[in-house]
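Visitor: The following file, input12.cif, comprises mmCIF, C-alpha atoms:
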```cif
data_entry
loop_
_atom_site.label_atom_id
_atom_site.label_comp_id
_atom_site.auth_asym_id
_atom_site.auth_seq_id
_atom_site.Cartn_x
_atom_site.Cartn_y
_atom_site.Cartn_z
CA MET A 777 -2.32 34.31 4.25
CA MET A 778 -0.48 32.35 1.62
CA MET A 779 3.21 31.81 1.86
CA SER A 780 5.30 31.97 -1.25
CA ARG A 781 6.82 28.73 -2.47
CA ARG A 782 10.32 30.07 -1.88
CA CYS A 783 9.67 30.43 1.85
CA LEU A 784 8.23 26.95 1.87
CA VAL A 785 11.39 25.58 0.35
CA ALA A 786 13.41 27.21 3.10
CA MET A 787 11.15 25.67 5.72
CA THR A 788 11.20 22.14 4.38
CA GLN A 789 14.93 22.14 4.12
CA THR A 790 15.34 22.85 7.80
CA LEU A 791 12.68 20.79 9.54
CA ILE A 792 10.67 17.63 9.13
CA ALA A 793 7.99 16.12 11.36
CA CYS A 794 7.95 12.37 11.94
CA HIS A 795 4.87 10.71 10.41
CA GLY A 796 4.84 8.18 13.24
CA CYS A 797 4.99 10.46 16.28
CA ASP A 798 5.04 14.08 14.99
CA LEU A 799 8.44 14.84 16.57
CA LEU A 800 10.26 17.65 14.80
CA HIS A 801 13.69 16.91 13.40
CA ARG A 802 16.25 19.10 11.74
CA VAL A 803 17.04 17.85 8.27
CA ARG A 804 20.73 17.15 7.86
CA PRO A 805 22.52 16.07 4.73
CA LEU A 806 22.92 12.29 4.76
CA PRO A 807 25.69 10.11 3.42
CA GLU A 808 24.79 8.31 0.19
CA LYS A 809 22.32 5.43 0.32
CA SER A 810 21.50 6.02 3.98
CA LYS A 811 18.22 6.57 5.76
CA ALA A 812 17.24 8.92 8.55
CA ARG A 813 14.93 7.45 11.18
CA CYS A 814 13.01 9.22 13.91
CA SER A 815 15.04 9.37 17.12
CA ARG A 816 11.95 8.72 19.21
CA CYS A 817 9.87 6.07 17.42
CA GLY A 818 12.11 4.78 14.63
CA THR A 819 9.81 5.65 11.70
CA LEU A 820 11.62 6.38 8.44
CA LEU A 821 12.03 10.14 8.02
CA TYR A 822 13.88 10.53 4.72
CA VAL A 823 16.42 8.76 2.56
CA HIS A 824 19.33 9.95 0.52
CA SER A 825 19.44 8.16 -2.77
CA PRO A 826 21.92 9.56 -5.29
CA GLU A 827 20.71 10.26 -8.84
CA THR A 828 17.18 9.56 -7.67
CA VAL A 829 15.50 11.30 -10.62
CA ASN A 830 17.54 9.52 -13.30
CA ARG A 831 17.38 6.12 -11.66
CA THR A 832 13.70 6.21 -10.82
CA LEU A 833 12.88 7.49 -14.32
CA ALA A 834 14.88 4.69 -15.93
CA LEU A 835 13.21 2.12 -13.69
CA ALA A 836 9.72 3.51 -14.32
CA ILE A 837 10.18 3.37 -18.12
CA THR A 838 11.53 -0.19 -17.83
CA GLY A 839 8.57 -1.12 -15.66
CA LEU A 840 6.08 0.25 -18.21
CA VAL A 841 7.75 -1.80 -20.97
CA PHE A 842 7.51 -4.97 -18.87
CA LEU A 843 3.88 -4.20 -18.04
CA VAL A 844 3.04 -3.92 -21.76
CA ILE A 845 4.88 -7.17 -22.54
CA ALA A 846 3.10 -8.87 -19.64
CA ASN A 847 -0.22 -7.97 -21.27
CA LEU A 848 0.64 -8.88 -24.86
CA PHE A 849 1.95 -12.43 -24.49
CA PRO A 850 0.53 -15.62 -23.00
CA PHE A 851 0.87 -15.72 -19.26
CA LEU A 852 0.39 -19.33 -18.18
CA SER A 853 -0.69 -22.36 -20.17
CA LEU A 854 -2.28 -25.49 -18.80
CA GLU A 855 -1.69 -28.75 -20.63
CA SER A 856 -4.04 -31.59 -19.81
CA GLN A 857 -5.16 -34.62 -21.81
CA GLY A 858 -3.33 -33.43 -24.90
CA THR A 859 -4.97 -30.01 -25.07
CA VAL A 860 -3.38 -26.72 -24.17
CA LEU A 861 -5.34 -23.87 -22.60
CA GLU A 862 -3.64 -20.50 -22.78
CA THR A 863 -4.32 -17.64 -20.44
CA THR A 864 -3.21 -14.04 -20.40
CA LEU A 865 -2.78 -11.72 -17.45
CA ILE A 866 -6.33 -10.41 -17.81
CA THR A 867 -8.05 -13.81 -18.25
CA GLY A 868 -8.63 -14.30 -14.52
CA THR A 869 -10.33 -10.92 -14.27
CA ILE A 870 -12.63 -11.70 -17.22
CA ILE A 871 -13.59 -15.14 -15.86
CA LEU A 872 -14.29 -13.71 -12.41
CA SER A 873 -16.56 -11.04 -13.82
CA GLN A 874 -18.39 -13.71 -15.87
CA GLN A 875 -19.01 -15.63 -12.64
CA SER A 876 -20.69 -12.52 -11.20
CA MET A 877 -17.67 -11.74 -9.05
CA ALA A 878 -17.34 -8.16 -10.24
CA GLY A 879 -15.91 -6.89 -6.96
CA PRO A 880 -12.92 -9.23 -6.74
CA ALA A 881 -12.44 -8.93 -10.53
CA ILE A 882 -12.11 -5.13 -10.30
CA LEU A 883 -9.86 -5.41 -7.26
CA VAL A 884 -7.52 -7.85 -9.02
CA LEU A 885 -7.46 -5.72 -12.17
CA LEU A 886 -6.63 -2.62 -10.13
CA THR A 887 -3.98 -4.06 -7.83
CA SER A 888 -2.13 -6.15 -10.40
CA MET A 889 -2.31 -3.95 -13.50
CA LEU A 890 -4.08 -0.59 -13.49
CA ILE A 891 -2.50 0.81 -10.31
CA PRO A 892 1.06 -0.31 -11.13
CA GLY A 893 0.54 1.14 -14.62
CA LEU A 894 -0.83 4.43 -13.32
CA LEU A 895 1.97 4.64 -10.75
CA LEU A 896 4.68 4.08 -13.34
CA GLY A 897 3.02 6.42 -15.83
CA ALA A 898 2.75 9.21 -13.27
CA LEU A 899 6.40 8.76 -12.28
CA VAL A 900 7.57 8.88 -15.91
CA TYR A 901 5.55 12.05 -16.53
CA VAL A 902 6.77 13.85 -13.41
CA LEU A 903 10.42 12.77 -13.55
CA TRP A 904 10.75 13.36 -17.27
CA ALA A 905 9.46 16.88 -16.76
CA ILE A 906 11.94 17.48 -13.92
CA LYS A 907 14.81 16.13 -15.98
CA ARG A 908 13.95 18.24 -19.00
CA GLY A 909 13.23 21.32 -16.93
CA TYR A 910 9.67 21.53 -18.24
CA ARG A 911 6.91 22.68 -16.00
CA LEU A 912 4.11 20.36 -17.01
CA PRO A 913 0.58 20.79 -15.64
CA ALA A 914 -0.60 18.73 -12.66
CA GLY A 915 2.91 17.43 -11.97
CA ARG A 916 2.62 17.82 -8.21
CA ARG A 917 -0.86 16.32 -8.18
CA LEU A 918 0.31 13.31 -10.16
CA PHE A 919 3.31 12.73 -7.94
CA ARG A 920 1.06 12.86 -4.89
CA LEU A 921 -1.22 10.34 -6.62
CA ALA A 922 1.76 8.07 -7.28
CA LEU A 923 2.76 8.18 -3.61
CA THR A 924 -0.81 7.48 -2.49
CA LEU A 925 -1.14 4.53 -4.86
CA ARG A 926 2.05 2.80 -3.73
CA PRO A 927 0.49 0.53 -1.07
CA TRP A 928 -2.22 -0.58 -3.52
CA SER A 929 0.17 -1.91 -6.12
CA MET A 930 0.36 -5.61 -5.25
CA THR A 931 2.26 -7.28 -8.07
CA GLU A 932 4.50 -9.20 -5.67
CA VAL A 933 1.51 -10.66 -3.87
CA PHE A 934 0.03 -11.66 -7.24
CA LEU A 935 3.30 -13.40 -8.11
CA LEU A 936 3.14 -15.42 -4.89
CA GLY A 937 -0.48 -16.24 -5.75
CA ILE A 938 0.67 -17.65 -9.11
CA LEU A 939 3.26 -19.79 -7.34
CA VAL A 940 0.65 -21.18 -4.95
CA SER A 941 -1.80 -21.93 -7.79
CA VAL A 942 0.87 -23.68 -9.83
CA VAL A 943 1.78 -25.89 -6.87
CA LYS A 944 -1.90 -26.67 -6.36
CA LEU A 945 -2.40 -27.68 -10.00
CA ALA A 946 0.98 -29.37 -10.51
CA LYS A 947 -0.41 -32.84 -9.84
CA MET A 948 -3.39 -32.35 -12.13
CA ALA A 949 -1.82 -30.87 -15.22
CA ALA A 950 1.36 -29.46 -16.67
CA ILE A 951 1.69 -25.70 -16.28
CA ILE A 952 3.78 -23.94 -18.91
CA PRO A 953 5.07 -20.46 -18.06
CA GLY A 954 4.68 -17.90 -20.86
CA THR A 955 6.69 -14.84 -21.88
CA ALA A 956 4.31 -12.60 -19.96
CA LEU A 957 5.06 -14.38 -16.68
CA PHE A 958 8.75 -13.54 -16.97
CA ALA A 959 7.92 -9.94 -17.86
CA PHE A 960 5.66 -9.79 -14.81
CA LEU A 961 8.44 -11.21 -12.62
CA ALA A 962 10.75 -8.50 -13.93
CA LEU A 963 8.06 -5.89 -13.21
CA VAL A 964 7.93 -7.03 -9.56
CA PHE A 965 11.68 -6.44 -9.23
CA VAL A 966 11.47 -3.07 -10.98
CA LEU A 967 8.72 -1.88 -8.60
CA ALA A 968 10.77 -3.07 -5.60
CA ALA A 969 13.78 -1.18 -6.94
CA ILE A 970 11.67 1.98 -7.34
CA ASN A 971 10.64 1.70 -3.69
CA ALA A 972 14.29 1.38 -2.75
CA PHE A 973 15.76 4.10 -4.97
CA MET A 974 13.06 6.75 -4.99
CA ASP A 975 13.66 9.69 -2.69
CA PRO A 976 10.33 11.55 -2.68
CA ARG A 977 11.81 14.41 -0.67
CA ALA A 978 14.41 15.18 -3.32
CA ILE A 979 11.76 14.99 -6.04
CA TRP A 980 9.46 17.41 -4.18
CA GLU A 981 12.37 19.80 -3.77
CA LYS A 982 13.10 19.64 -7.49
CA MET A 983 9.47 20.52 -8.19
CA ASP A 984 9.69 23.44 -5.73
CA LYS A 985 12.13 25.04 -8.13
CA TRP A 986 9.50 25.08 -10.87
CA SER A 987 7.90 28.24 -9.65
CA MET B 1405 13.17 33.95 2.87
CA GLY B 1406 15.13 33.11 5.96
CA LYS B 1407 12.59 34.81 8.15
CA ASN B 1408 9.95 32.14 7.90
CA GLY B 1409 12.45 29.39 8.41
CA GLN B 1410 13.91 31.10 11.46
CA MET B 1411 10.56 31.63 13.05
CA VAL B 1412 9.79 27.96 12.68
CA MET B 1413 13.10 27.08 14.27
CA THR B 1414 12.38 29.14 17.36
CA CYS B 1415 8.95 27.57 17.61
CA ALA B 1416 10.59 24.18 17.39
CA HIS B 1417 12.71 24.89 20.43
CA ALA B 1418 9.62 25.49 22.50
CA ALA B 1419 7.58 22.58 21.19
CA ARG B 1420 8.90 19.22 20.21
CA THR B 1421 6.14 18.23 17.84
CA ALA B 1422 4.77 19.82 14.69
CA ALA B 1423 1.29 20.05 16.22
CA GLY B 1424 2.76 21.64 19.35
CA ALA B 1425 4.47 24.25 17.19
CA GLY B 1426 1.24 24.98 15.34
CA LEU B 1427 2.45 23.36 12.15
CA PHE B 1428 0.64 21.04 9.78
CA SER B 1429 2.85 18.21 8.60
CA CYS B 1430 1.60 17.26 5.12
CA HIS B 1431 0.96 13.50 5.12
CA SER B 1432 1.77 13.28 1.45
CA CYS B 1433 4.84 15.47 0.88
CA SER B 1434 6.03 16.14 4.48
CA LEU B 1435 5.92 19.91 4.04
CA LEU B 1436 5.46 21.85 7.26
CA VAL B 1437 2.81 24.53 6.98
CA ARG B 1438 1.92 27.04 9.66
CA ARG B 1439 -1.63 26.71 10.91
CA PRO B 1440 -3.65 29.79 9.99
CA SER B 1441 -4.74 31.86 12.99
CA MET B 1442 -8.38 31.68 11.99
CA THR B 1443 -9.55 28.30 13.17
CA GLY B 1444 -12.79 27.29 11.58
CA ARG B 1445 -14.18 24.51 9.54
CA VAL B 1446 -12.26 25.58 6.44
CA THR B 1447 -10.14 22.90 4.86
CA VAL B 1448 -6.52 23.89 4.49
CA ARG B 1449 -4.67 22.43 1.55
CA CYS B 1450 -0.95 21.86 1.20
CA PRO B 1451 0.48 24.64 -0.97
CA ARG B 1452 2.99 22.24 -2.43
CA CYS B 1453 1.08 19.07 -3.30
CA GLY B 1454 -2.56 20.01 -2.75
CA ALA B 1455 -3.32 17.37 -0.10
CA ARG B 1456 -5.72 18.26 2.71
CA LEU B 1457 -3.86 19.31 5.83
CA HIS B 1458 -4.76 18.18 9.34
CA LEU B 1459 -2.87 18.25 12.63
CA ARG B 1460 -4.16 14.70 13.13
CA LYS B 1461 -6.07 12.47 10.73
CA PRO B 1462 -9.72 13.57 11.14
CA ASN B 1463 -11.89 11.39 13.41
CA SER B 1464 -9.18 8.78 13.27
CA ILE B 1465 -10.41 6.70 16.23
CA THR B 1466 -14.08 6.66 15.25
CA ARG B 1467 -13.36 5.87 11.61
CA SER B 1468 -10.82 3.16 12.44
CA TRP B 1469 -13.27 1.50 14.84
CA ALA B 1470 -16.06 1.60 12.26
CA LEU B 1471 -13.85 0.02 9.61
CA LEU B 1472 -12.48 -2.52 12.07
CA ILE B 1473 -15.96 -3.65 13.10
CA ALA B 1474 -17.03 -3.84 9.45
CA ALA B 1475 -13.98 -6.00 8.69
CA LEU B 1476 -14.75 -8.23 11.66
CA ILE B 1477 -18.31 -8.77 10.42
CA PHE B 1478 -17.14 -9.58 6.87
CA TYR B 1479 -14.50 -11.93 8.24
CA ILE B 1480 -17.18 -14.42 9.36
CA PRO B 1481 -18.75 -15.12 5.93
CA ALA B 1482 -15.27 -14.90 4.40
CA ASN B 1483 -14.35 -18.02 6.34
CA LEU B 1484 -17.70 -19.82 6.30
CA PHE B 1485 -18.47 -19.57 2.58
CA PRO B 1486 -16.41 -21.42 -0.03
CA VAL B 1487 -13.77 -19.53 -1.98
CA THR B 1488 -13.49 -22.16 -4.72
CA ILE B 1489 -16.00 -24.65 -6.11
CA THR B 1490 -14.29 -27.49 -7.94
CA SER B 1491 -16.34 -29.78 -10.18
CA TYR B 1492 -14.72 -32.97 -11.34
CA LEU B 1493 -16.68 -35.58 -13.35
CA GLY B 1494 -19.96 -34.40 -11.91
CA SER B 1495 -18.86 -34.33 -8.29
CA ILE B 1496 -18.69 -30.90 -6.71
CA GLN B 1497 -16.35 -29.88 -3.93
CA ALA B 1498 -16.57 -26.53 -2.18
CA ASP B 1499 -13.47 -25.29 -0.40
CA THR B 1500 -13.23 -22.59 2.23
CA ILE B 1501 -9.95 -20.85 3.02
CA MET B 1502 -9.27 -23.22 5.90
CA SER B 1503 -10.12 -26.37 3.93
CA GLY B 1504 -7.71 -25.13 1.24
CA VAL B 1505 -4.97 -24.95 3.87
CA ILE B 1506 -5.84 -28.48 5.07
CA PHE B 1507 -5.73 -29.73 1.46
CA PHE B 1508 -2.14 -28.51 1.10
CA MET B 1509 -1.20 -30.06 4.45
CA GLN B 1510 -2.65 -33.43 3.45
CA THR B 1511 -0.86 -33.41 0.10
CA GLY B 1512 2.43 -32.70 1.84
CA SER B 1513 2.92 -29.11 0.63
CA TRP B 1514 3.64 -27.80 4.11
CA GLY B 1515 5.38 -24.65 2.92
CA ILE B 1516 2.44 -23.58 0.75
CA ALA B 1517 -0.01 -24.51 3.51
CA LEU B 1518 1.91 -22.31 5.92
CA ILE B 1519 2.07 -19.37 3.46
CA ILE B 1520 -1.70 -19.44 2.89
CA PHE B 1521 -2.41 -19.96 6.58
CA VAL B 1522 -0.27 -16.96 7.55
CA ALA B 1523 -1.52 -14.67 4.75
CA SER B 1524 -5.23 -15.54 4.99
CA ILE B 1525 -5.80 -16.42 8.64
CA VAL B 1526 -2.97 -15.14 10.85
CA VAL B 1527 -2.43 -11.73 9.22
CA PRO B 1528 -6.11 -10.60 9.13
CA ILE B 1529 -6.76 -11.76 12.71
CA ALA B 1530 -3.50 -10.25 13.98
CA LYS B 1531 -4.37 -6.99 12.21
CA LEU B 1532 -7.80 -6.83 13.80
CA ILE B 1533 -6.36 -7.55 17.27
CA VAL B 1534 -3.41 -5.15 16.94
CA LEU B 1535 -5.48 -2.26 15.55
CA GLY B 1536 -8.18 -2.84 18.16
CA GLY B 1537 -5.55 -2.91 20.90
CA LEU B 1538 -3.90 0.27 19.60
CA LEU B 1539 -7.26 2.05 19.46
CA ILE B 1540 -8.11 1.01 23.03
CA SER B 1541 -4.64 2.05 24.26
CA VAL B 1542 -5.05 5.48 22.66
CA GLN B 1543 -8.55 5.92 24.06
CA ARG B 1544 -7.34 4.98 27.54
CA ARG B 1545 -4.53 7.54 27.13
CA SER B 1546 -1.98 4.82 27.81
CA ARG B 1547 1.66 5.81 28.26
CA TRP B 1548 2.88 2.23 27.89
CA ARG B 1549 5.78 1.64 25.47
CA PRO B 1550 4.87 4.17 22.76
CA ALA B 1551 7.85 3.30 20.53
CA GLU B 1552 6.93 -0.39 20.50
CA ARG B 1553 3.30 0.41 19.81
CA THR B 1554 4.32 2.65 16.91
CA ARG B 1555 6.50 -0.14 15.50
CA LEU B 1556 3.62 -2.58 15.85
CA TYR B 1557 1.45 -0.18 13.87
CA ARG B 1558 4.06 0.16 11.14
CA ILE B 1559 4.36 -3.62 10.77
CA THR B 1560 0.56 -3.95 10.67
CA GLU B 1561 0.39 -1.39 7.90
CA LEU B 1562 3.11 -3.15 5.89
CA VAL B 1563 1.93 -6.77 6.05
CA GLY B 1564 -1.77 -6.18 5.35
CA ARG B 1565 -1.37 -6.30 1.59
CA TRP B 1566 -0.17 -9.94 1.72
CA SER B 1567 -3.65 -11.06 2.72
CA MET B 1568 -4.68 -10.45 -0.87
CA LEU B 1569 -2.87 -13.71 -1.66
CA ASP B 1570 -5.95 -15.92 -1.57
CA VAL B 1571 -7.90 -13.58 -3.87
CA PHE B 1572 -5.08 -13.82 -6.43
CA VAL B 1573 -4.85 -17.61 -6.04
CA VAL B 1574 -8.55 -17.95 -6.81
CA THR B 1575 -8.16 -15.63 -9.81
CA VAL B 1576 -5.33 -17.71 -11.29
CA LEU B 1577 -7.16 -20.98 -10.57
CA VAL B 1578 -10.38 -19.95 -12.30
CA ALA B 1579 -8.36 -18.67 -15.26
CA LEU B 1580 -6.42 -21.90 -15.64
CA VAL B 1581 -9.10 -24.47 -14.91
CA ARG B 1582 -12.07 -23.63 -17.10
CA LEU B 1583 -15.13 -25.16 -18.74
CA GLY B 1584 -14.53 -27.63 -21.52
CA TYR B 1585 -12.32 -29.81 -19.43
CA LEU B 1586 -13.11 -32.54 -17.00
CA THR B 1587 -12.34 -30.27 -14.09
CA THR B 1588 -13.68 -26.78 -13.59
CA ILE B 1589 -12.91 -24.38 -10.77
CA GLN B 1590 -15.34 -21.58 -10.00
CA ALA B 1591 -14.92 -18.73 -7.56
CA GLY B 1592 -17.06 -19.01 -4.43
CA VAL B 1593 -18.85 -16.14 -2.73
CA GLY B 1594 -16.35 -16.28 0.16
CA VAL B 1595 -13.86 -14.49 -2.08
CA VAL B 1596 -16.05 -11.39 -2.18
CA TYR B 1597 -16.17 -11.17 1.61
CA PHE B 1598 -12.52 -11.99 1.97
CA ALA B 1599 -11.48 -9.31 -0.54
CA ALA B 1600 -13.67 -6.87 1.41
CA VAL B 1601 -11.89 -7.81 4.66
CA VAL B 1602 -8.48 -7.17 3.11
CA VAL B 1603 -9.43 -3.80 1.62
CA ILE B 1604 -11.31 -2.61 4.71
CA THR B 1605 -8.49 -3.57 7.12
CA MET B 1606 -5.95 -1.83 4.88
CA ILE B 1607 -8.05 1.35 4.93
CA ALA B 1608 -8.56 0.95 8.70
CA ALA B 1609 -4.78 0.82 9.19
CA MET B 1610 -4.32 3.89 6.98
CA THR B 1611 -7.03 5.76 8.92
CA PHE B 1612 -5.39 5.18 12.30
CA ASP B 1613 -3.04 7.99 13.28
CA PRO B 1614 0.02 6.68 15.18
CA ARG B 1615 0.76 10.22 16.39
CA LEU B 1616 -2.18 9.85 18.78
CA ILE B 1617 -0.05 7.30 20.69
CA TRP B 1618 2.42 10.09 21.45
CA ASP B 1619 0.07 13.01 22.05
CA VAL B 1620 -0.59 11.94 25.63
CA LEU B 1621 3.14 12.29 26.38
CA GLU B 1622 3.25 15.93 25.32
CA LYS B 1623 2.97 18.49 28.08
CA ASN B 1624 1.01 21.02 26.08
CA ASP B 1625 -1.81 18.61 25.47
CA GLU B 1626 -4.45 21.23 24.80
CA SER B 1627 -2.71 22.36 21.65
CA ASN B 1628 -2.96 18.88 20.18
CA ALA B 1629 -6.35 19.31 18.63
CA HIS B 1630 -7.59 16.07 17.15
#
```
Let me see whether you can do it: turn the structure in this file into structure tokens.
Guide:
Amino acid sequence: MMMSRRCLVAMTQTLIACHGCDLLHRVRPLPEKSKARCSRCGTLLYVHSPETVNRTLALAITGLVFLVIANLFPFLSLESQGTVLETTLITGTIILSQQSMAGPAILVLLTSMLIPGLLLGALVYVLWAIKRGYRLPAGRRLFRLALTLRPWSMTEVFLLGILVSVVKLAKMAAIIPGTALFAFLALVFVLAAINAFMDPRAIWEKMDKWS
Amino acid sequence: MGKNGQMVMTCAHAARTAAGAGLFSCHSCSLLVRRPSMTGRVTVRCPRCGARLHLRKPNSITRSWALLIAALIFYIPANLFPVTITSYLGSIQADTIMSGVIFFMQTGSWGIALIIFVASIVVPIAKLIVLGGLLISVQRRSRWRPAERTRLYRITELVGRWSMLDVFVVTVLVALVRLGYLTTIQAGVGVVYFAAVVVITMIAAMTFDPRLIWDVLEKNDESNAH
């Protein structure tokens, strides 16, 4: 027996089960910028983030722009004995795969570029459709994909890795930061802001109105 | 429209949990869906987002144990084999994760040494111990401090990603220090095992279902099908 989407909307607006302990909670409207936590185990239940569609959409577009810039310009340069060696964001991946390290190369490519890109792209597609009132195909599926991919986007860890490498090489050679590094830094902040401002519950409810 | 909602509400008064009320809680979009009366091996999908619905993550304990043991096995070569091989003027130096930490300590970069030590050694080991402990506590149907155990799980799930640090460090090092110069850094085979440990422990943490910690506390245990 399939329930109609309208009934489902009614259900989700009244109750939510905690993902940490399965306790049922009644959904109440929250004050702005606040979070509801489970009364029993403390797991985050839902957030109320005002203008979540507009803000997340703006952030996702900004993030995509930074990601493109981060791939177009030199990332880090190493100056030693009068010669300068330039690298781009993808250089490490290429070198690793040349050293028959395909596994780590793919993992780095995925977690630092492809997954953040896919995540941002999916968000732009879904949120733009919601904002415009279009009912685009696979919207729900893509939003689910974006939520699933979130833990695998590791740009901030990559940034810390750059810091550690630079410290390690500082005594050996001069490291010159490139335009792409600053774009990547900005991307890290944009992705953190998306995590803070995105209210998946509100976005699901907006998509419920599609049908 | 109100009918469905109302029925759920009355169910909720009787049972405190979604599983107890016969409801699937979608892990992806949090929608509550009534469990169909026909219970078979059919997969039920979320009508809103399309994710597979389960009362509890399927075979959570078995799968988590399998992944945990796999991670434990990979952790040994990850620490024994070098992660970087540095050649300088014909002399070759192979560094493991631990010798990398010691290098930073000897050169006075205590902060960096600590960051790598925590991300590459402390976090993976702590994850293996915590997840193993949680699995044992669930299997022994422990009623000890469920809220604290749930919080421990949540922290474990959040910090796991930071173990990727060393993989990224090696990537940046091999990109910056290449052939044609006096010094060359190559990735060592330890990186492959270490990357595997990070990915496998992350999946192991995602496979574990923290709701199992609480199921033992529910009176209507039999309705909590795993």
Visitor: Calculate how many Å separate atom CA of Glu862 of chain A from atom CA of Leu936 of chain A, rounding to one decimal.
Guide: 19.8 Å
Visitor: Name the residues that the PyMOL selection byres ((chain A) within 6 of (chain B)) picks from the file above, as a PyMOL selection string, using the file's chain letters and numbers.
Guide: chain A and resi 783+786-788+793+796-800+817+867-868+880+916-917+933-934+937+941
Visitor: Around the point (-2.9, -15.9, -17.7) (coordinates from the file), which residues reach within 6 Å if we count only C-alpha atoms? Answer as a short mmCIF file (atom, residue, chain, number, x, y, z; two decimals) with C-alpha atoms, in the frame of the given file.
Guide:
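Result file out05.cif:
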```
data_model
loop_
_atom_site.label_atom_id
_atom_site.label_comp_id
_atom_site.auth_asym_id
_atom_site.auth_seq_id
_atom_site.Cartn_x
_atom_site.Cartn_y
_atom_site.Cartn_z
CA PHE A 851 0.87 -15.72 -19.26
CA LEU A 852 0.39 -19.33 -18.18
CA THR A 863 -4.32 -17.64 -20.44
CA THR A 864 -3.21 -14.04 -20.40
CA LEU A 865 -2.78 -11.72 -17.45
CA THR A 867 -8.05 -13.81 -18.25
#
```
Visitor: Could you check which of A:Leu945, A:Val829, A:Met983, A:Ala836 is closest to Tyr910 of chain A, using all atoms listed in the file?
Guide: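 Of A:Leu945, A:Val829, A:Met983, A:Ala836, the one nearest Tyr910 of chain A is A:Met983, counting all atoms listed in the file.
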Visitor: Suppose a student applies the PyMOL selection byres ((chain A and resi 825) around 12) to this structure; what residues should they get, written as a list in words?
Guide: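 Here the PyMOL selection byres ((chain A and resi 825) around 12) matches Pro805, Leu806, Pro807, Glu808, Lys809, Ser810, Lys811, Ala812, Tyr822, Val823, His824, Pro826, Glu827, Thr828, Val829, Asn830, Arg831, Thr832, Ala969, Ile970, Asn971, Ala972, Phe973, Met974, Asp975, Pro976, Arg977, Ala978 and Ile979 of chain A.
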Visitor: I want to know what sits within 9 Å of Asp1499 of chain B, based on all atoms listed in the file, with residues of the same chain fewer than 3 positions away left out; could you give that as a list in words?
Guide: Phe1485, Pro1486, Val1487, Thr1488, Ile1489, Thr1490, Met1502, Ser1503, Gly1504 and Gly1592 of chain B
Visitor: Using only C-alpha atoms, which protein or nucleic acid residues come within 12 Å of Thr955 of chain A? Drop anything in the same chain fewer than 4 positions from it, and give the result as a list in words.
Guide: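 Selected residues are Phe842, Leu843, Val844, Ile845, Ala846, Asn847, Leu848, Phe849, Pro850, Phe851, Leu852, Ser853, Glu862, Thr863, Thr864, Leu865, Ala959, Phe960, Leu961 and Ala962 of chain A.
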Visitor: Just to be explicit: take each residue in the selection above, keep C-alpha atoms, and write the result as a PDB file, in the frame of the given file.
Guide:
```
ATOM      1  CA  PHE A 842       7.510  -4.970 -18.870  1.00  0.00           C
ATOM      2  CA  LEU A 843       3.880  -4.200 -18.040  1.00  0.00           C
ATOM      3  CA  VAL A 844       3.040  -3.920 -21.760  1.00  0.00           C
ATOM      4  CA  ILE A 845       4.880  -7.170 -22.540  1.00  0.00           C
ATOM      5  CA  ALA A 846       3.100  -8.870 -19.640  1.00  0.00           C
ATOM      6  CA  ASN A 847      -0.220  -7.970 -21.270  1.00  0.00           C
ATOM      7  CA  LEU A 848       0.640  -8.880 -24.860  1.00  0.00           C
ATOM      8  CA  PHE A 849       1.950 -12.430 -24.490  1.00  0.00           C
ATOM      9  CA  PRO A 850       0.530 -15.620 -23.000  1.00  0.00           C
ATOM     10  CA  PHE A 851       0.870 -15.720 -19.260  1.00  0.00           C
ATOM     11  CA  LEU A 852       0.390 -19.330 -18.180  1.00  0.00           C
ATOM     12  CA  SER A 853      -0.690 -22.360 -20.170  1.00  0.00           C
ATOM     13  CA  GLU A 862      -3.640 -20.500 -22.780  1.00  0.00           C
ATOM     14  CA  THR A 863      -4.320 -17.640 -20.440  1.00  0.00           C
ATOM     15  CA  THR A 864      -3.210 -14.040 -20.400  1.00  0.00           C
ATOM     16  CA  LEU A 865      -2.780 -11.720 -17.450  1.00  0.00           C
ATOM     17  CA  ALA A 959       7.920  -9.940 -17.860  1.00  0.00           C
ATOM     18  CA  PHE A 960       5.660  -9.790 -14.810  1.00  0.00           C
ATOM     19  CA  LEU A 961       8.440 -11.210 -12.620  1.00  0.00           C
ATOM     20  CA  ALA A 962      10.750  -8.500 -13.930  1.00  0.00           C
TER      21      ALA A 962
END
```
Visitor: In Å, rounded to a single decimal, give me how far atom CA of Gly1512 of chain B is from atom CA of Asn1483 of chain B.
Guide: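 If I compute the distance from atom CA of Asn1483 of chain B to atom CA of Gly1512 of chain B, I get 22.7 Å.
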Visitor: Take atom CA of Arg813 of chain A and atom CA of Gly915 of chain A and report the distance between them in Å, one decimal.
Guide: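 Computing it gives 27.9 Å between the two atoms.
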Visitor: Using the chain letters and residue numbers of this document, give as a ChimeraX atom specification the residues selected by the PyMOL selection byres ((chain B and resi 1538) around 9).
Guide: /B:1533-1537,1539-1543,1553-1554,1556-1557,1612,1614,1617
Visitor: Around all listed atoms of segment 1569-1573 of chain B, padded 6 Å per side, what centre and edge lengths does the axis-aligned box have in Å to one decimal, as lines of an AutoDock Vina configuration file?
Guide:
```
center_x = -5.4
center_y = -15.6
center_z = -4.0
size_x = 17.0
size_y = 16.0
size_z = 16.9
```
Visitor: Nearest residue to Pro953 of chain A out of A:Leu854, A:Val803, A:Ile882, A:Met930, using only C-alpha atoms?
Guide: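 That would be A:Leu854, the residue with the smallest distance to Pro953 of chain A.
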Visitor: Mind checking which residues fall within 9 Å of Val964 of chain A, counting only C-alpha atoms, ignoring those fewer than 6 positions away in the same chain, and posting them as a list in words?
Guide: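 Residues near the query, excluding close chain neighbours: Gly839, Met930, Thr931, Glu932 and Leu935 of chain A.
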